[in-house]
>>> print(open('work-v3.pdb').read())   # PDB, C-alpha atoms and all ligand atoms
ATOM      1  CA  MET A 149      16.478 -22.468  13.328
ATOM      2  CA  ARG A 150      12.885 -21.390  13.890
ATOM      3  CA  GLU A 151      10.076 -23.689  12.784
ATOM      4  CA  VAL A 152       7.357 -21.036  12.760
ATOM      5  CA  ALA A 153       7.102 -17.236  12.624
ATOM      6  CA  THR A 154       4.288 -14.678  12.302
ATOM      7  CA  ALA A 155       4.764 -11.274  10.657
ATOM      8  CA  PHE A 156       2.587  -8.169  10.401
ATOM      9  CA  ALA A 157       2.684  -5.897   7.331
ATOM     10  CA  PRO A 158       0.871  -2.546   7.397
ATOM     11  CA  ALA A 159      -1.605  -1.275   4.823
ATOM     12  CA  SER A 160      -0.342   1.403   2.453
ATOM     13  CA  VAL A 161      -1.468   4.409   0.447
ATOM     14  CA  GLY A 162      -0.102   4.057  -3.082
ATOM     15  CA  ASN A 163       0.770   7.067  -5.260
ATOM     16  CA  VAL A 164       0.193   9.631  -2.444
ATOM     17  CA  ALA A 165      -1.463  11.738  -5.166
ATOM     18  CA  VAL A 166       1.688  13.012  -6.847
ATOM     19  CA  GLY A 167       3.868   9.895  -7.323
ATOM     20  CA  PHE A 168       1.936   7.437  -9.473
ATOM     21  CA  ASP A 169       3.527   3.995  -9.026
ATOM     22  CA  VAL A 170       6.667   5.400  -7.327
ATOM     23  CA  LEU A 171       5.545   6.897  -4.008
ATOM     24  CA  GLY A 172       3.589   5.330  -1.146
ATOM     25  CA  HIS A 173       3.305   5.374   2.604
ATOM     26  CA  SER A 174       2.489   2.809   5.238
ATOM     27  CA  PHE A 175      -0.617   3.091   7.380
ATOM     28  CA  GLN A 176      -0.019   1.468  10.762
ATOM     29  CA  THR A 177      -3.590   1.147  11.996
ATOM     30  CA  ILE A 178      -4.501  -1.823   9.798
ATOM     31  CA  GLY A 179      -2.600  -4.605   8.082
ATOM     32  CA  ASP A 180      -2.290  -8.320   7.291
ATOM     33  CA  ARG A 181      -0.640 -11.092   9.329
ATOM     34  CA  VAL A 182       0.971 -14.193   7.892
ATOM     35  CA  THR A 183       2.297 -17.204   9.806
ATOM     36  CA  ALA A 184       4.923 -19.311   8.016
ATOM     37  CA  ARG A 185       5.639 -22.833   9.210
ATOM     38  CA  ARG A 186       8.476 -25.001   7.930
ATOM     39  CA  ILE A 187       7.419 -28.236   6.157
ATOM     40  CA  PRO A 188       9.687 -31.004   4.806
ATOM     41  CA  GLU A 189       8.213 -30.943   1.253
ATOM     42  CA  ARG A 190       9.786 -28.341  -1.112
ATOM     43  CA  GLU A 191       6.478 -26.617  -1.780
ATOM     44  CA  VAL A 192       4.295 -23.793  -0.517
ATOM     45  CA  ARG A 193       0.865 -24.618   0.881
ATOM     46  CA  ILE A 194      -1.789 -22.243   2.118
ATOM     47  CA  ALA A 195      -3.385 -23.762   5.194
ATOM     48  CA  ALA A 196      -6.059 -21.108   5.804
ATOM     49  CA  ILE A 197      -7.144 -17.593   4.927
ATOM     50  CA  THR A 198      -9.179 -15.750   7.556
ATOM     51  CA  GLY A 199     -10.380 -12.190   8.121
ATOM     52  CA  THR A 200     -11.717  -9.689   5.605
ATOM     53  CA  SER A 201     -11.333 -11.748   2.411
ATOM     54  CA  GLU A 202     -11.593 -15.479   2.948
ATOM     55  CA  GLU A 203     -12.458 -16.153  -0.692
ATOM     56  CA  LEU A 204      -8.922 -15.501  -2.005
ATOM     57  CA  PRO A 205      -7.281 -18.334  -3.992
ATOM     58  CA  LYS A 206      -5.559 -21.025  -1.940
ATOM     59  CA  GLU A 207      -3.242 -22.301  -4.702
ATOM     60  CA  ALA A 208       0.177 -20.814  -4.004
ATOM     61  CA  GLU A 209       0.740 -19.684  -7.635
ATOM     62  CA  ARG A 210      -2.482 -17.667  -7.627
ATOM     63  CA  ASN A 211      -2.099 -16.099  -4.193
ATOM     64  CA  THR A 212       0.138 -13.057  -3.591
ATOM     65  CA  ALA A 213       1.566 -14.424  -0.335
ATOM     66  CA  GLY A 214       1.912 -17.918  -1.796
ATOM     67  CA  MET A 215       3.646 -16.761  -4.986
ATOM     68  CA  ALA A 216       6.053 -14.504  -3.095
ATOM     69  CA  VAL A 217       7.198 -17.349  -0.822
ATOM     70  CA  LEU A 218       7.184 -19.892  -3.654
ATOM     71  CA  SER A 219       9.606 -17.691  -5.592
ATOM     72  CA  MET A 220      11.822 -17.569  -2.465
ATOM     73  CA  VAL A 221      11.801 -21.346  -2.033
ATOM     74  CA  ARG A 222      12.644 -21.842  -5.726
ATOM     75  CA  GLU A 223      15.266 -19.127  -6.209
ATOM     76  CA  LEU A 224      17.062 -19.839  -2.932
ATOM     77  CA  GLU A 225      16.871 -23.576  -3.686
ATOM     78  CA  LEU A 226      15.745 -24.279  -0.114
ATOM     79  CA  ASP A 227      15.629 -27.913   0.931
ATOM     80  CA  PHE A 228      12.342 -27.364   2.759
ATOM     81  CA  GLY A 229       9.001 -25.685   2.048
ATOM     82  CA  MET A 230       6.510 -23.504   3.933
ATOM     83  CA  GLU A 231       2.901 -23.657   5.004
ATOM     84  CA  LEU A 232       1.239 -20.251   5.252
ATOM     85  CA  THR A 233      -1.727 -19.078   7.295
ATOM     86  CA  ILE A 234      -3.009 -15.675   6.166
ATOM     87  CA  GLU A 235      -5.049 -13.333   8.370
ATOM     88  CA  LYS A 236      -6.436 -10.519   6.222
ATOM     89  CA  GLY A 237      -6.999  -7.249   8.048
ATOM     90  CA  ILE A 238      -7.199  -5.155   4.870
ATOM     91  CA  PRO A 239     -10.425  -5.248   2.835
ATOM     92  CA  LEU A 240     -10.131  -6.690  -0.680
ATOM     93  CA  GLY A 241     -10.226  -4.229  -3.600
ATOM     94  CA  SER A 242     -10.027  -1.239  -1.245
ATOM     95  CA  GLY A 243      -6.931   0.561  -2.567
ATOM     96  CA  LEU A 244      -5.126  -0.029   0.740
ATOM     97  CA  GLY A 245      -2.424  -2.326  -0.579
ATOM     98  CA  GLY A 246      -3.936  -5.570   0.717
ATOM     99  CA  SER A 247      -2.325  -7.831  -1.875
ATOM    100  CA  ALA A 248       1.035  -6.175  -1.217
ATOM    101  CA  ALA A 249       0.701  -6.476   2.571
ATOM    102  CA  SER A 250      -0.002 -10.213   2.361
ATOM    103  CA  ALA A 251       3.019 -10.726   0.114
ATOM    104  CA  VAL A 252       5.218  -8.608   2.388
ATOM    105  CA  ALA A 253       4.059 -10.267   5.631
ATOM    106  CA  ALA A 254       4.630 -13.663   3.999
ATOM    107  CA  VAL A 255       8.224 -12.972   2.925
ATOM    108  CA  VAL A 256       9.073 -11.389   6.293
ATOM    109  CA  ALA A 257       7.691 -14.418   8.171
ATOM    110  CA  ALA A 258       9.392 -16.847   5.772
ATOM    111  CA  ASN A 259      12.663 -14.924   6.089
ATOM    112  CA  ALA A 260      12.692 -15.614   9.836
ATOM    113  CA  LEU A 261      12.833 -19.356   9.013
ATOM    114  CA  LEU A 262      15.846 -19.102   6.679
ATOM    115  CA  PRO A 263      19.267 -20.277   7.840
ATOM    116  CA  GLU A 264      20.633 -16.936   6.581
ATOM    117  CA  PRO A 265      17.957 -14.223   6.598
ATOM    118  CA  LEU A 266      17.940 -11.788   3.656
ATOM    119  CA  ASP A 267      17.981  -7.977   3.695
ATOM    120  CA  LYS A 268      14.847  -5.996   2.873
ATOM    121  CA  LEU A 269      15.897  -5.173  -0.705
ATOM    122  CA  ARG A 270      16.043  -8.878  -1.539
ATOM    123  CA  LEU A 271      12.724  -9.461   0.214
ATOM    124  CA  LEU A 272      11.238  -6.623  -1.869
ATOM    125  CA  LYS A 273      11.940  -8.538  -5.082
ATOM    126  CA  PHE A 274      10.221 -11.690  -3.834
ATOM    127  CA  ALA A 275       7.233  -9.684  -2.595
ATOM    128  CA  MET A 276       7.004  -8.027  -6.040
ATOM    129  CA  LYS A 277       6.554 -11.462  -7.636
ATOM    130  CA  GLY A 278       3.589 -11.985  -5.330
ATOM    131  CA  GLU A 279       2.064  -8.564  -6.005
ATOM    132  CA  ALA A 280       2.249  -9.170  -9.774
ATOM    133  CA  VAL A 281      -0.200 -12.092  -9.363
ATOM    134  CA  ALA A 282      -2.907  -9.742  -8.087
ATOM    135  CA  SER A 283      -2.531  -6.601 -10.129
ATOM    136  CA  GLY A 284      -1.112  -7.929 -13.399
ATOM    137  CA  SER A 285       1.597  -5.282 -13.371
ATOM    138  CA  VAL A 286       4.810  -4.583 -11.531
ATOM    139  CA  HIS A 287       4.533  -1.566  -9.283
ATOM    140  CA  VAL A 288       6.187  -1.130  -5.914
ATOM    141  CA  ASP A 289       4.353   1.806  -4.349
ATOM    142  CA  ASN A 290       2.491  -0.495  -1.935
ATOM    143  CA  ILE A 291       5.135  -3.191  -1.435
ATOM    144  CA  ALA A 292       7.989  -0.818  -0.568
ATOM    145  CA  PRO A 293       6.198   1.230   2.140
ATOM    146  CA  SER A 294       4.579  -1.859   3.651
ATOM    147  CA  LEU A 295       8.020  -3.507   3.912
ATOM    148  CA  PHE A 296      10.193  -0.521   4.849
ATOM    149  CA  GLY A 297       7.622   1.731   6.582
ATOM    150  CA  GLY A 298       6.826   5.448   6.410
ATOM    151  CA  LEU A 299       6.771   7.512   3.211
ATOM    152  CA  VAL A 300       8.829   5.688   0.598
ATOM    153  CA  LEU A 301      10.049   6.683  -2.868
ATOM    154  CA  THR A 302      11.140   3.862  -5.175
ATOM    155  CA  VAL A 303      13.264   4.592  -8.238
ATOM    156  CA  GLY A 304      13.759   1.742 -10.705
ATOM    157  CA  ILE A 305      12.163  -1.682 -10.940
ATOM    158  CA  ASP A 306      14.894  -4.256 -11.640
ATOM    159  CA  ASN A 307      17.314  -2.906  -9.044
ATOM    160  CA  PRO A 308      15.168  -0.437  -7.166
ATOM    161  CA  ASN A 309      16.519   2.394  -5.059
ATOM    162  CA  VAL A 310      14.274   2.640  -2.028
ATOM    163  CA  LYS A 311      14.346   5.893  -0.068
ATOM    164  CA  GLN A 312      12.417   6.632   3.112
ATOM    165  CA  ILE A 313      11.364  10.282   3.129
ATOM    166  CA  PRO A 314      10.996  12.108   6.471
ATOM    167  CA  VAL A 315       7.491  13.382   7.263
ATOM    168  CA  PRO A 316       6.821  16.311   9.651
ATOM    169  CA  ALA A 317       5.839  14.851  13.057
ATOM    170  CA  SER A 318       2.491  16.676  13.240
ATOM    171  CA  VAL A 319       1.210  15.091   9.989
ATOM    172  CA  ARG A 320      -1.510  12.450  10.141
ATOM    173  CA  CYS A 321      -3.188  10.427   7.407
ATOM    174  CA  VAL A 322      -6.968  10.039   7.399
ATOM    175  CA  LEU A 323      -8.320   7.083   5.417
ATOM    176  CA  VAL A 324     -11.954   6.604   4.527
ATOM    177  CA  HIS A 325     -12.955   3.344   2.874
ATOM    178  CA  PRO A 326     -16.437   3.372   1.315
ATOM    179  CA  HIS A 327     -18.126  -0.023   1.266
ATOM    180  CA  MET A 328     -17.531  -0.872  -2.374
ATOM    181  CA  VAL A 329     -14.882  -2.787  -4.317
ATOM    182  CA  LEU A 330     -12.719  -1.485  -7.166
ATOM    183  CA  SER A 331     -10.373  -3.716  -9.108
ATOM    184  CA  THR A 332      -6.844  -2.368  -9.515
ATOM    185  CA  ARG A 333      -6.669  -3.941 -12.971
ATOM    186  CA  ALA A 334      -9.832  -2.099 -14.064
ATOM    187  CA  ALA A 335      -8.665   1.188 -12.547
ATOM    188  CA  ARG A 336      -5.377   0.865 -14.473
ATOM    189  CA  GLU A 337      -7.021  -0.085 -17.746
ATOM    190  CA  ILE A 338      -9.057   3.137 -17.930
ATOM    191  CA  LEU A 339      -5.952   5.347 -17.815
ATOM    192  CA  ASN A 340      -4.929   7.266 -20.917
ATOM    193  CA  ARG A 341      -1.526   6.312 -22.275
ATOM    194  CA  SER A 342      -0.687   9.918 -23.221
ATOM    195  CA  ILE A 343      -0.622  13.027 -21.045
ATOM    196  CA  ASP A 344      -0.609  16.727 -21.934
ATOM    197  CA  LEU A 345       2.842  18.273 -21.590
ATOM    198  CA  SER A 346       1.415  20.991 -19.340
ATOM    199  CA  ASN A 347       0.114  18.328 -16.933
ATOM    200  CA  VAL A 348       3.488  16.550 -16.946
ATOM    201  CA  ILE A 349       5.128  19.821 -15.934
ATOM    202  CA  TRP A 350       2.505  20.508 -13.266
ATOM    203  CA  GLN A 351       2.696  16.995 -11.805
ATOM    204  CA  SER A 352       6.530  17.048 -11.813
ATOM    205  CA  ALA A 353       6.499  20.354  -9.951
ATOM    206  CA  ASN A 354       3.995  18.945  -7.454
ATOM    207  CA  LEU A 355       6.077  15.814  -6.815
ATOM    208  CA  ALA A 356       9.238  17.883  -6.348
ATOM    209  CA  GLY A 357       7.413  20.416  -4.167
ATOM    210  CA  PHE A 358       5.806  17.717  -2.047
ATOM    211  CA  LEU A 359       9.094  15.899  -1.401
ATOM    212  CA  THR A 360      10.895  19.164  -0.674
ATOM    213  CA  GLY A 361       8.110  20.130   1.739
ATOM    214  CA  CYS A 362       8.530  16.808   3.529
ATOM    215  CA  PHE A 363      12.307  17.117   3.755
ATOM    216  CA  THR A 364      12.172  20.707   5.034
ATOM    217  CA  GLY A 365       9.067  20.393   7.224
ATOM    218  CA  ASP A 366       7.294  23.055   5.128
ATOM    219  CA  LEU A 367       3.575  22.322   5.590
ATOM    220  CA  GLN A 368       2.564  25.208   3.322
ATOM    221  CA  LEU A 369       4.618  23.769   0.450
ATOM    222  CA  ILE A 370       3.107  20.325   1.094
ATOM    223  CA  ARG A 371      -0.371  21.896   0.995
ATOM    224  CA  GLU A 372       0.330  23.646  -2.316
ATOM    225  CA  SER A 373       1.887  20.552  -3.917
ATOM    226  CA  LEU A 374      -0.285  17.635  -2.768
ATOM    227  CA  GLU A 375      -2.514  17.627  -5.850
ATOM    228  CA  ASP A 376      -2.745  14.950  -8.558
ATOM    229  CA  VAL A 377      -3.518  16.540 -11.929
ATOM    230  CA  VAL A 378      -2.945  13.381 -14.017
ATOM    231  CA  ILE A 379      -4.505  10.247 -12.492
ATOM    232  CA  GLU A 380      -7.200  11.509 -10.095
ATOM    233  CA  PRO A 381      -9.176  13.375 -12.787
ATOM    234  CA  GLN A 382      -9.418  10.124 -14.773
ATOM    235  CA  ARG A 383     -10.247   7.791 -11.865
ATOM    236  CA  LYS A 384     -12.539   9.901  -9.713
ATOM    237  CA  VAL A 385     -15.578   8.930 -11.806
ATOM    238  CA  LEU A 386     -15.193   5.390 -10.428
ATOM    239  CA  ILE A 387     -15.834   6.586  -6.847
ATOM    240  CA  PRO A 388     -19.364   7.892  -6.129
ATOM    241  CA  GLY A 389     -19.219  11.161  -4.177
ATOM    242  CA  PHE A 390     -15.448  11.549  -4.524
ATOM    243  CA  GLN A 391     -15.575  15.305  -5.183
ATOM    244  CA  ASP A 392     -17.836  15.967  -2.179
ATOM    245  CA  VAL A 393     -15.598  13.853   0.057
ATOM    246  CA  LYS A 394     -12.526  15.752  -1.128
ATOM    247  CA  ASP A 395     -14.218  19.137  -0.794
ATOM    248  CA  GLY A 396     -15.244  18.240   2.781
ATOM    249  CA  ALA A 397     -11.656  17.322   3.657
ATOM    250  CA  MET A 398     -10.195  20.487   2.134
ATOM    251  CA  ARG A 399     -12.834  22.766   3.738
ATOM    252  CA  ASN A 400     -11.832  21.335   7.111
ATOM    253  CA  GLY A 401      -8.157  22.097   6.720
ATOM    254  CA  ALA A 402      -6.639  19.061   4.955
ATOM    255  CA  LEU A 403      -3.173  19.496   3.464
ATOM    256  CA  GLY A 404      -4.360  17.436   0.481
ATOM    257  CA  CYS A 405      -6.867  14.729  -0.389
ATOM    258  CA  SER A 406      -6.877  12.157  -3.179
ATOM    259  CA  ILE A 407      -7.453   8.497  -4.053
ATOM    260  CA  SER A 408      -5.523   5.864  -2.100
ATOM    261  CA  GLY A 409      -3.823   3.656  -4.704
ATOM    262  CA  ALA A 410      -6.393   2.587  -7.257
ATOM    263  CA  GLY A 411      -9.293   3.410  -4.877
ATOM    264  CA  PRO A 412     -12.035   3.461  -3.760
ATOM    265  CA  THR A 413     -10.476   4.475  -0.411
ATOM    266  CA  VAL A 414      -9.801   8.209  -0.201
ATOM    267  CA  PHE A 415      -6.968   9.598   1.898
ATOM    268  CA  ALA A 416      -6.242  13.025   3.316
ATOM    269  CA  TRP A 417      -3.097  14.375   4.918
ATOM    270  CA  SER A 418      -3.634  16.803   7.761
ATOM    271  CA  GLU A 419      -2.168  18.202  10.907
ATOM    272  CA  ASP A 420      -2.946  16.181  14.021
ATOM    273  CA  LYS A 421      -5.358  18.801  15.410
ATOM    274  CA  ASP A 422      -7.590  18.712  12.287
ATOM    275  CA  ALA A 423      -7.644  14.956  11.593
ATOM    276  CA  ALA A 424     -10.838  13.936  13.455
ATOM    277  CA  ARG A 425     -12.866  16.810  11.941
ATOM    278  CA  ILE A 426     -11.624  15.928   8.446
ATOM    279  CA  ARG A 427     -12.459  12.241   8.956
ATOM    280  CA  ASP A 428     -16.033  13.121   9.993
ATOM    281  CA  ALA A 429     -16.506  15.381   6.952
ATOM    282  CA  MET A 430     -15.242  12.667   4.600
ATOM    283  CA  VAL A 431     -17.497  10.003   6.119
ATOM    284  CA  ALA A 432     -20.455  12.407   5.797
ATOM    285  CA  GLY A 433     -19.516  13.034   2.150
ATOM    286  CA  PHE A 434     -19.813   9.338   1.287
ATOM    287  CA  LYS A 435     -22.983   8.984   3.350
ATOM    288  CA  ALA A 436     -24.613  11.762   1.330
ATOM    289  CA  HIS A 437     -24.040   9.515  -1.709
ATOM    290  CA  GLY A 438     -25.528   6.448  -0.008
ATOM    291  CA  LEU A 439     -22.200   4.842   0.940
ATOM    292  CA  GLU A 440     -21.318   3.647   4.441
ATOM    293  CA  SER A 441     -17.616   3.696   5.186
ATOM    294  CA  ASP A 442     -14.876   2.778   7.647
ATOM    295  CA  ALA A 443     -12.408   5.454   8.694
ATOM    296  CA  TRP A 444      -9.031   5.440  10.381
ATOM    297  CA  ILE A 445      -6.359   7.950  11.383
ATOM    298  CA  SER A 446      -2.677   7.019  11.477
ATOM    299  CA  THR A 447       0.704   8.560  12.067
ATOM    300  CA  LEU A 448       3.337   8.091   9.362
ATOM    301  CA  ASP A 449       6.003   6.402  11.495
ATOM    302  CA  PRO A 450       8.755   4.750   9.504
ATOM    303  CA  GLU A 451       7.935   1.307  10.878
ATOM    304  CA  GLY A 452       7.488  -1.390   8.278
ATOM    305  CA  ALA A 453       6.645  -5.071   8.324
ATOM    306  CA  ARG A 454       7.957  -6.977  11.306
ATOM    307  CA  VAL A 455       8.013 -10.385  12.936
ATOM    308  CA  ILE A 456       5.541 -10.276  15.817
ATOM    309  CA  ASP A 457       5.682 -13.851  17.093
TER     310      ASP A 457
HETATM  311  N1  LIG B 501       0.033   2.692  -8.159
HETATM  312  C1  LIG B 501      -0.983   1.700  -8.293
HETATM  313  C2  LIG B 501      -2.164   2.284  -9.031
HETATM  314  C3  LIG B 501      -1.400   1.245  -6.937
HETATM  315  O1  LIG B 501      -2.558   3.404  -8.679
HETATM  316  O2  LIG B 501      -2.679   1.650  -9.947
HETATM  317  C4  LIG B 501      -2.405   0.141  -6.994
HETATM  318  O3  LIG B 501      -2.585  -0.391  -5.716
END
>>> encode(input="work-v3.pdb", output="C-alpha cells")
Amino acid sequence: MREVATAFAPASVGNVAVGFDVLGHSFQTIGDRVTARRIPEREVRIAAITGTSEELPKEAERNTAGMAVLSMVRELELDFGMELTIEKGIPLGSGLGGSAASAVAAVVAANALLPEPLDKLRLLKFAMKGEAVASGSVHVDNIAPSLFGGLVLTVGIDNPNVKQIPVPASVRCVLVHPHMVLSTRAAREILNRSIDLSNVIWQSANLAGFLTGCFTGDLQLIRESLEDVVIEPQRKVLIPGFQDVKDGAMRNGALGCSISGAGPTVFAWSEDKDAARIRDAMVAGFKAHGLESDAWISTLDPEGARVID
C-alpha cells in the first residue's frame, strides 16, 4: 500500500450561466494540489498550506480538504489517519471552485492510500462534506466537474446522478479574474427566494437549449441559450464593470458570458479562433473600472482530478 500520494484537481466554473447549482465545468489551466501521507494516529492533520491562500484554517474540521478526508477516515473506520499538505493554485473567493478543488484533490490523494480505493461517486460524497464547510450549503456544481472533468450535470444531492456532457471540440472557456474577493455565502444570501414564472420558463428553455446544443454540436443554439436570466441580474451589482466586461466579450464573438460560480470571476465561452480577442476585451473592461485581472483560456476536456505523484 502507498504511504504518500499527490493529486491535482482543476478549477471549475459553477452554474455555467443556465444551471444554477446543477451544472459546472472544469478548467484545466489552474487547480489545487494536495499531498496525503499516511500516519498511525486515526486523525487528519494539515501540515502546511502554500500558494494563493496561506491563511486558510489548519484545523481539519474547518478546512475543506481536512473535513473531506476526516469524513473518509471516520466513515470508512480506517485504522490509520492522514497528514495533508495543500498547495493552493486557485485564488480564494474568486468563484473558481477553490474550496471544492482542495476537497476533491484531498479525497483523490487519500483514496490512493486506501487498501480498497473507492469509485468517484463515493469520493464525491466525501468531497461534498468538505465543500459544505466553506460555503455553508450543499451544492455540487464545482465538486462534480473538478472530480469527473469536463461539463458535468448533477441531478440529486443524496444519491446524485452525475452526467458528463459532450462539448464541441472548437469551444474554449475564457476566464477573467478581477483582483477582488467575493464571499460565496454573501453572494448566496442576496438571492431572492422567489422567481417570476416567466423567468423560470425562460431559464428552463435556456438550460434545455444549451444542453441540446452541446449534445448536437449546434453552436448557434448554444449562443442563443447561454444566458442567465435569474441569478446574473441579481449578482452582477457585486462585480464592478460586469456589464462592460460582458458587452466586450459578446461584441468580440463570445457564445455567452456570465459570472463564474458566485463571482467575481467572469467566464465566456467562445470558439477557439475568437478566444484571445475576447480575453483582451474582458481584461480591458475591468481595467476601465480600475480593476487589474488575471486571465486564462482553457479547453473543456473531460479530464478530472487525478493522482500526479
Ligand atoms: N452554484 C454556486 C453559487 C457556486 O453560484 O452560489 C458557488 O461556488
>>> residues_around(input="work-v3.pdb", residues="range 253-268 of chain A", least_positions_apart="4", cutoff="8 Å", atoms="all atoms listed in the file", output="JSON, numbers by chain")
{"A": [149, 150, 151, 152, 153, 154, 155, 156, 157, 180, 181, 182, 183, 184, 185, 186, 213, 214, 216, 217, 220, 230, 232, 249, 272, 274, 275, 295, 296, 453, 454, 455]}
>>> residues_around(input="work-v3.pdb", residues="range 412-414 of chain A", least_positions_apart="4", cutoff="6 Å", atoms="all atoms listed in the file", output="count of residues only")
9
>>> atom_distance(input="work-v3.pdb", atom1="atom C3 of ligand LIG 501 (chain B)", atom2="CA of Pro293 in chain A")
11.8 Å
>>> resolve_selection(input="work-v3.pdb", expression="the PyMOL selection byres (((not hetatm)) within 6 of (chain B and resi 501))", output="list in words")
Gly162, Asn163, Phe168, Asp169, Gly243, Gly245, Asp289, Thr332, Arg336, Gly409 and Ala410 of chain A
>>> atom_distance(input="work-v3.pdb", atom1="CA of Gly396 in chain A", atom2="CA of Asp376 in chain A")
17.2 Å
>>> atom_distance(input="work-v3.pdb", atom1="CA of Val166 in chain A", atom2="CA of Ser446 in chain A")
19.8 Å
>>> residues_near_point(input="work-v3.pdb", point="(-9.2, 1.2, -18.0)", cutoff="12 Å", atoms="only C-alpha atoms", output="PyMOL selection string")
chain A and resi 330-341+379+382-383+385-386+410
>>> closest_residue(input="work-v3.pdb", among="A:Leu204, A:Met328, A:Ala317, A:Cys362", to="Glu419 in chain A", atoms="all atoms listed in the file")
A:Ala317
>>> residues_near_point(input="work-v3.pdb", point="(-5.7, -5.9, 10.1)", cutoff="6 Å", atoms="all atoms listed in the file", output="VMD selection string")
chain A and resid 178 to 180 237 to 238
>>> resolve_selection(input="work-v3.pdb", expression="the PyMOL selection byres (((chain A and resi 428) around 10) and not hetatm)", output="PDB file with C-alpha atoms, in the frame of the given file")
ATOM      1  CA  VAL A 322      -6.968  10.039   7.399  1.00  0.00           C
ATOM      2  CA  VAL A 324     -11.954   6.604   4.527  1.00  0.00           C
ATOM      3  CA  VAL A 393     -15.598  13.853   0.057  1.00  0.00           C
ATOM      4  CA  GLY A 396     -15.244  18.240   2.781  1.00  0.00           C
ATOM      5  CA  ALA A 397     -11.656  17.322   3.657  1.00  0.00           C
ATOM      6  CA  ASN A 400     -11.832  21.335   7.111  1.00  0.00           C
ATOM      7  CA  ALA A 423      -7.644  14.956  11.593  1.00  0.00           C
ATOM      8  CA  ALA A 424     -10.838  13.936  13.455  1.00  0.00           C
ATOM      9  CA  ARG A 425     -12.866  16.810  11.941  1.00  0.00           C
ATOM     10  CA  ILE A 426     -11.624  15.928   8.446  1.00  0.00           C
ATOM     11  CA  ARG A 427     -12.459  12.241   8.956  1.00  0.00           C
ATOM     12  CA  ALA A 429     -16.506  15.381   6.952  1.00  0.00           C
ATOM     13  CA  MET A 430     -15.242  12.667   4.600  1.00  0.00           C
ATOM     14  CA  VAL A 431     -17.497  10.003   6.119  1.00  0.00           C
ATOM     15  CA  ALA A 432     -20.455  12.407   5.797  1.00  0.00           C
ATOM     16  CA  GLY A 433     -19.516  13.034   2.150  1.00  0.00           C
ATOM     17  CA  ALA A 443     -12.408   5.454   8.694  1.00  0.00           C
TER      18      ALA A 443
END
>>> closest_residue(input="work-v3.pdb", among="A:Leu448, A:Ala159, A:Val192, A:Cys405", to="Pro239 in chain A", atoms="all atoms listed in the file")
A:Ala159
>>> closest_residue(input="work-v3.pdb", among="A:Gln391, A:Ser201, A:Ala208, A:Glu191", to="Glu225 in chain A", atoms="only C-alpha atoms")
A:Glu191
>>> axis_aligned_box(input="work-v3.pdb", around="range 347-350 of chain A", padding_each_side="8 Å", output="lines of an AutoDock Vina configuration file")
center_x = 2.6
center_y = 18.5
center_z = -15.1
size_x = 21.0
size_y = 20.0
size_z = 19.7
>>> residues_around(input="work-v3.pdb", residues="Asp344 in chain A", least_positions_apart="4", cutoff="9 Å", atoms="only C-alpha atoms", output="list in words")
Val348, Ile349 and Val378 of chain A
>>> closest_residue(input="work-v3.pdb", among="A:Phe363, A:His327, A:Val281, A:Glu375", to="Lys435 in chain A", atoms="all atoms listed in the file")
A:His327
>>> resolve_selection(input="work-v3.pdb", expression="the PyMOL selection byres (((chain A and resi 360) around 12) and not hetatm)", output="list of chain:residue names")
A:Ile313, A:Pro314, A:Val315, A:Pro316, A:Ala353, A:Asn354, A:Leu355, A:Ala356, A:Gly357, A:Phe358, A:Leu359, A:Gly361, A:Cys362, A:Phe363, A:Thr364, A:Gly365, A:Asp366, A:Leu367, A:Gln368, A:Leu369, A:Ile370, A:Arg371, A:Glu372, A:Ser373, A:Leu374
